[in-house]
Amino acid sequence: MTVLTPRQLSDRALIEDVLMRHCRGVDRMDLELVEACFSADAHIKYEPIVDGSRAEYLAFLRRPDALGGLTRTMHFASTLLIDLDGDVAHTELYARAHHTSTDEHHYAGAFVTTWLRYLDRFERRGGVWRIVDRVVVREWMRRDVAGMWEDVPAPSRRDRSDPSYRR
C-alpha cells in the first residue's frame with residue numbers, strides 16, 4: 001500500500017483544482033480562468049481542431065463555430081489518475097461534456113454529448129501547478145435532435161453574470 005505524504009496530498013488537490021477550473025472556465029466561457037490553467041508555453045493537441053499554443057487554443061474557444069457559438073455547456077469529470085514525480089505530474093481525466101447551440105452553429109440546435117479524456121503533463125513552477133502539455137482524446141460523440149427542451153425560469157449564463165460568481 002502506498003502512503004502519500006501531506007505534500008503529495010496537497011499537490012493532488014491543487015492539480016485536481018486546476019482541472020475543475022478548466023471545466024468551469026469552458027462552461028462559463030471565462031477564458032481568463034481557462035488561460036490561468038495553462039503555462040504560457042503550453043502545447044495543446046485537440047485533433048483535428050487545435051495543435052498549438054495556449055493562445056491558439058483560446059482563439060478556438062472564442063470562435064462562433066466552436067464553443068463561442070454554444071448556448072450551454074456542462075462538463076462532468078469522473079475518473080482521475082494523477083502520477084506525481086516531484087514538480088512534474090501526469091494526469092488522465094475522463095469527462096463527459098454536454099452542449100446546446102444556436103441554429104446557426106454547425107450543431108444546428110441539437111443536444112451534443114462528447115465523451116473524452118484529457119491527458120495532461122503538469123509542472124509546478126514558482127510554486128504553482130499548471131498544464132504544460134495537453135492531449136484531448138475524444139472517445140465518441142452523440143447528437144440528439146433538438147426541440148424537446150423545457151424552458152427553465154433562471155437559466156445559467158455563460159459569463160461572469162452566472163450565479164456561481166456571486167460568492
# chains A, B, ... in the order shown; residues from 1 in each chain; ligands from 1
>>> residues_around(residues="Thr100 (chain A)", least_positions_apart="6", cutoff="12 Å", atoms="only C-alpha atoms", output="list in words")
Asp27, Ala66, Leu67, Gly68, Gly69, Leu70, Thr71, Arg72, Thr73, Met74, His106, Tyr107, Ala108, Gly109, Ala110, Phe111, Val112, Thr113, Thr114, Arg142, Arg143, Asp144, Val145, Ala146, Gly147, Met148, Trp149 and Arg158 of chain A
>>> write_last_selection(atoms="C-alpha atoms", output="PDB file, in the first residue's frame")
ATOM      1  CA  ASP A  27     -18.645  26.061 -19.334  1.00  0.00           C
ATOM      2  CA  ALA A  66     -16.832  26.332 -31.778  1.00  0.00           C
ATOM      3  CA  LEU A  67     -17.584  26.925 -28.099  1.00  0.00           C
ATOM      4  CA  GLY A  68     -18.282  30.605 -28.707  1.00  0.00           C
ATOM      5  CA  GLY A  69     -21.380  29.574 -30.655  1.00  0.00           C
ATOM      6  CA  LEU A  70     -22.789  27.286 -27.990  1.00  0.00           C
ATOM      7  CA  THR A  71     -25.654  28.390 -25.783  1.00  0.00           C
ATOM      8  CA  ARG A  72     -24.890  25.970 -22.936  1.00  0.00           C
ATOM      9  CA  THR A  73     -22.111  23.603 -21.972  1.00  0.00           C
ATOM     10  CA  MET A  74     -21.654  21.422 -18.925  1.00  0.00           C
ATOM     11  CA  HIS A 106     -22.933  23.505 -37.024  1.00  0.00           C
ATOM     12  CA  TYR A 107     -24.675  21.516 -34.254  1.00  0.00           C
ATOM     13  CA  ALA A 108     -27.833  23.309 -35.529  1.00  0.00           C
ATOM     14  CA  GLY A 109     -29.652  23.483 -32.218  1.00  0.00           C
ATOM     15  CA  ALA A 110     -29.019  19.830 -31.319  1.00  0.00           C
ATOM     16  CA  PHE A 111     -28.013  18.429 -27.940  1.00  0.00           C
ATOM     17  CA  VAL A 112     -24.488  17.067 -28.326  1.00  0.00           C
ATOM     18  CA  THR A 113     -22.679  14.877 -25.818  1.00  0.00           C
ATOM     19  CA  THR A 114     -18.948  14.223 -26.073  1.00  0.00           C
ATOM     20  CA  ARG A 142     -23.707  11.766 -29.833  1.00  0.00           C
ATOM     21  CA  ARG A 143     -26.023  14.325 -31.431  1.00  0.00           C
ATOM     22  CA  ASP A 144     -29.665  14.262 -30.352  1.00  0.00           C
ATOM     23  CA  VAL A 145     -32.374  16.155 -32.161  1.00  0.00           C
ATOM     24  CA  ALA A 146     -33.454  19.496 -30.822  1.00  0.00           C
ATOM     25  CA  GLY A 147     -36.920  20.654 -29.931  1.00  0.00           C
ATOM     26  CA  MET A 148     -37.616  18.729 -26.758  1.00  0.00           C
ATOM     27  CA  TRP A 149     -36.293  21.286 -24.267  1.00  0.00           C
ATOM     28  CA  ARG A 158     -22.007  31.598 -19.992  1.00  0.00           C
TER      29      ARG A 158
END
>>> residues_around(residues="Ile82 (chain A)", least_positions_apart="5", cutoff="10 Å", atoms="only C-alpha atoms", output="list in words")
Asp11, Arg12, Ile15, Glu16, Ala89, His90, Thr91, Glu92, Leu93, Asp120, Arg121 and Phe122 of chain A
>>> select_by_dssp(residues="chain A", states="alpha helix (DSSP H)", output="number ranges by chain")
A: 6-28, 31-36, 54-62
>>> atom_distance(atom1="CA of Val128 (chain A)", atom2="CA of Leu14 (chain A)")
8.6 Å
>>> closest_residue(among="A:Cys23, A:Asp162, A:Ala59, A:Asp17", to="His98 (chain A)", atoms="only C-alpha atoms")
A:Cys23
>>> atom_distance(atom1="CA of Phe38 (chain A)", atom2="CA of Val50 (chain A)")
14.8 Å
>>> residues_around(residues="region 42-47 of chain A", least_positions_apart="6", cutoff="7 Å", atoms="only C-alpha atoms", output="PyMOL selection string")
chain A and resi 53-54+57+131-136
>>> write_last_selection(atoms="C-alpha atoms", output="compact mmCIF listing (two decimals), in the first residue's frame")
# COMPACT_ATOMS: atom_id res chain seq x y z
CA SER A 53 -0.16 27.10 -28.24
CA ARG A 54 -2.33 28.31 -25.38
CA TYR A 57 -6.49 27.07 -28.00
CA ILE A 131 -0.77 22.31 -17.55
CA VAL A 132 2.25 22.42 -19.88
CA ASP A 133 1.12 19.78 -22.37
CA ARG A 134 -2.38 18.52 -23.13
CA VAL A 135 -3.72 15.87 -25.46
CA VAL A 136 -7.50 15.63 -25.76
>>> residues_around(residues="region 138-140 of chain A", least_positions_apart="4", cutoff="8 Å", atoms="only C-alpha atoms", output="list of chain:residue names")
A:Thr114, A:Trp115, A:Leu116, A:Arg117
>>> atom_distance(atom1="CA of Arg124 (chain A)", atom2="CA of Asp85 (chain A)")
10.5 Å
>>> closest_residue(among="A:Val34, A:Ala13, A:Val137, A:Met29", to="Arg160 (chain A)", atoms="only C-alpha atoms")
A:Met29
>>> closest_residue(among="A:Ile49, A:Ala95, A:Val3, A:Val88", to="Met20 (chain A)", atoms="only C-alpha atoms")
A:Ala95
>>> select_by_dssp(residues="region 25-111 of chain A", states="strand (DSSP E)", output="number ranges by chain")
A: 38-46, 50-53, 70-85, 88-101, 111
